[in-house]
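Student: Just dropping this structure here.
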Amino acid sequence: MREALLRITSSYTEFTSNSKILLLFVISVLVVVLLDENISDCDRGRRINPAVFLLSLWSGISYAFVRVIPRKNKILYLISLLILFVITSLSGQFVISEEAFENSVYSASSGGVTVILSAILIVACFIIYFMIARNLFSDKTDRITFMIVSLMLHLFDFYSVNTATLSIFLSPIRIGSIVVHIILPLLLWLYLENEDKIIQALMSEEEATEDGDNEEIPEEWDMKKHKILNIRNMAIAFAALIVIFAAVVFVLNNKINSLYDATVMLEKAANTKMSVYEVTKDDGSIVMTLMISPEGTVIAVDGGGRENGDACYELISEYTDNVDKWYVYGDDEENKGAYRHCKEKGITVDEVYLISGIERLK
């Protein structure tokens, strides 16, 4: 169990690098729960079940930040905004950087269509966030603050190379980004728009009778008493999400590791492959074989007489001026002529062997 937890933690760290986005979301959920228990809805916006922010972590964080910022005092408000800028900048890396650009859709495509589609989807994303803000807050300042925090979070949402495909600024036209930043927030907005109807549909007849016959459900509803959308079930749903997220990270990490291992094996195989070059006659027969290992060891085999010397010299000098080992068929001019010719022209040879590799001539 311990090893499994360590593996999950390691996989999460590898997947999100130094990102603090999940930690911010957990803190935000706790803040929302505490505030909704102690602050009346007429004070700031509306009471809402934090579980719905599982659809959009960034909306949940923005909502919590708005709830804690004091807006009545302008100085405190500006100081709080400054603190929020610092906190959001710690959630990830800035999207405008060389590393982020290299992992964005723009580095792979220079077409104007990509830029236009990206701009449309980015604008659509923040329109949805604005619709969410209008549903959550009646005060204009709170809506603006919500949008500012959302924008800041997305400007620092380059968490790692693995998560670059989920950034609305770096990869707006990729499926992952569209699902996370457009489809899920849109579902959140639809829920907020129809919250009362959904709550009424979920409430049992018995509970409805206890509250009064067909009494209209107030906007301020108690999550503790609600059978389905209560804090306990919210915590269960949140825990389930964490487990699912950890499982997804674990699977992705295994796939990434498998791909990495395969790449290493291919690279190793490529590096251990000997480069082979040949000098041939017009009839296709091989005069000399030159082999160069990945470590740089140069081996020459045969070469024949002096009539092949120039061709052998040209091939060797194209890659090196030193031959580590030269194997010949015999010690006569017919078999060592090319070898002697190359030496006379400046090619150094460290060792010379008969082709059997048993008797060393030098």
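Labeling convention for the structure tokens: chains A, B, ... as they appear, residues from 1 per chain, ligands from 1 in order of appearance.
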Which residues are near A:Ile183? Cut-off 12 Å, only C-alpha atoms, ignore same chain within fewer than 2 positions. Put them as number ranges by chain.

Tutor: A: 55-56, 121, 124-125, 128-129, 175-181, 185-190

Student: Take the residues just selected and output them with C-alpha atoms as a compact mmCIF listing (two decimals), in the first residue's frame.

Tutor:
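result-v2.txt, freshly written:
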```txt
# COMPACT_ATOMS: atom_id res chain seq x y z
CA LEU A 55 -16.46 20.60 -12.99
CA SER A 56 -14.05 23.53 -13.01
CA LEU A 121 -11.75 29.31 -28.28
CA ALA A 124 -15.27 31.52 -25.72
CA CYS A 125 -13.64 30.16 -22.58
CA ILE A 128 -18.27 31.13 -20.17
CA TYR A 129 -16.34 32.23 -17.07
CA ILE A 175 -9.37 18.05 -27.17
CA GLY A 176 -8.13 18.01 -23.57
CA SER A 177 -8.16 21.79 -23.32
CA ILE A 178 -11.60 22.08 -24.92
CA VAL A 179 -13.08 19.54 -22.50
CA VAL A 180 -11.47 21.02 -19.38
CA HIS A 181 -11.88 24.72 -20.12
CA PRO A 185 -17.29 25.07 -17.30
CA LEU A 186 -20.29 25.22 -19.63
CA LEU A 187 -21.85 22.32 -17.71
CA LEU A 188 -21.12 24.21 -14.48
CA TRP A 189 -22.93 27.27 -15.81
CA LEU A 190 -25.89 25.15 -16.91
```

Student: Between atom CA of A:Gln93 and atom CA of A:Phe158, what is the spacing in Å?

Tutor: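 Result for atom CA of A:Phe158 versus atom CA of A:Gln93: 4.9 Å, one decimal.
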
Student: Would you work out the distance separating atom CA of A:Ile27 from atom CA of A:Ala64, expressed in Å to one decimal?

Tutor: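 According to the coordinates, atom CA of A:Ile27 and atom CA of A:Ala64 are separated by 8.8 Å.
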
Student: For A:Asp302, which of A:Phe25, A:Phe146, A:Phe101, A:Trp326 is the closest residue, counting only C-alpha atoms?

Tutor: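 The closest residue to A:Asp302 is A:Trp326.
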
Student: Contacts of A:Ile168 at 12 Å or less, counting only C-alpha atoms, minus same-chain residues fewer than 3 places along, as a ChimeraX atom specification?

Tutor: /A:58,95,104-105,117-126,150-151,153-158,163-165,171-182

Student: Let me make sure I understand: among A:Glu318, A:Glu278, A:Glu295, A:Asp310, which one has the smallest atom-to-atom distance to A:Cys342 if we use only C-alpha atoms?

Tutor: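 Checking each of A:Glu318, A:Glu278, A:Glu295, A:Asp310 against A:Cys342, counting only C-alpha atoms, the winner is A:Asp310.
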
Student: Let me make sure I understand: among A:Ile286, A:Leu81, A:Val328, A:Met131, which one has the smallest atom-to-atom distance to A:Val301 if we use only C-alpha atoms?

Tutor: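 Checking each of A:Ile286, A:Leu81, A:Val328, A:Met131 against A:Val301, counting only C-alpha atoms, the winner is A:Val328.
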
Student: Pick the closest to A:Arg340 from A:Arg306, A:Tyr327, A:Cys312, A:Ser59: which is it, counting only C-alpha atoms?

Tutor: A:Arg306

Student: In Å, how far is it from atom CA of A:Gly337 to atom CA of A:Val349?

Tutor: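 Answer for the atom CA of A:Gly337 to atom CA of A:Val349 separation: 13.9 Å.
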
Student: Quick check for you: according to DSSP on this backbone, which residues of stretch 73-189 of chain A are classed as alpha helix (DSSP H)? Reply as a count of residues only.

Tutor: 76

Student: Write out as a count of residues only which residues come within 8 Å of A:Arg143 when counting only C-alpha atoms, dropping same-chain ones fewer than 3 positions away.

Tutor: 9

Student: Got a sec: who's within 9 Å of A:Gly60, counting only C-alpha atoms, leaving out chain neighbours fewer than 3 positions off, as a list in words?

Tutor: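 Neighbouring residues, sequence-local ones excluded: Phe25, Ser28, Val29, Val32, Pro50, Val52, Phe53, Leu54, Leu55, Ser56, Leu57, Tyr63, Ala64 and Phe65 of chain A.
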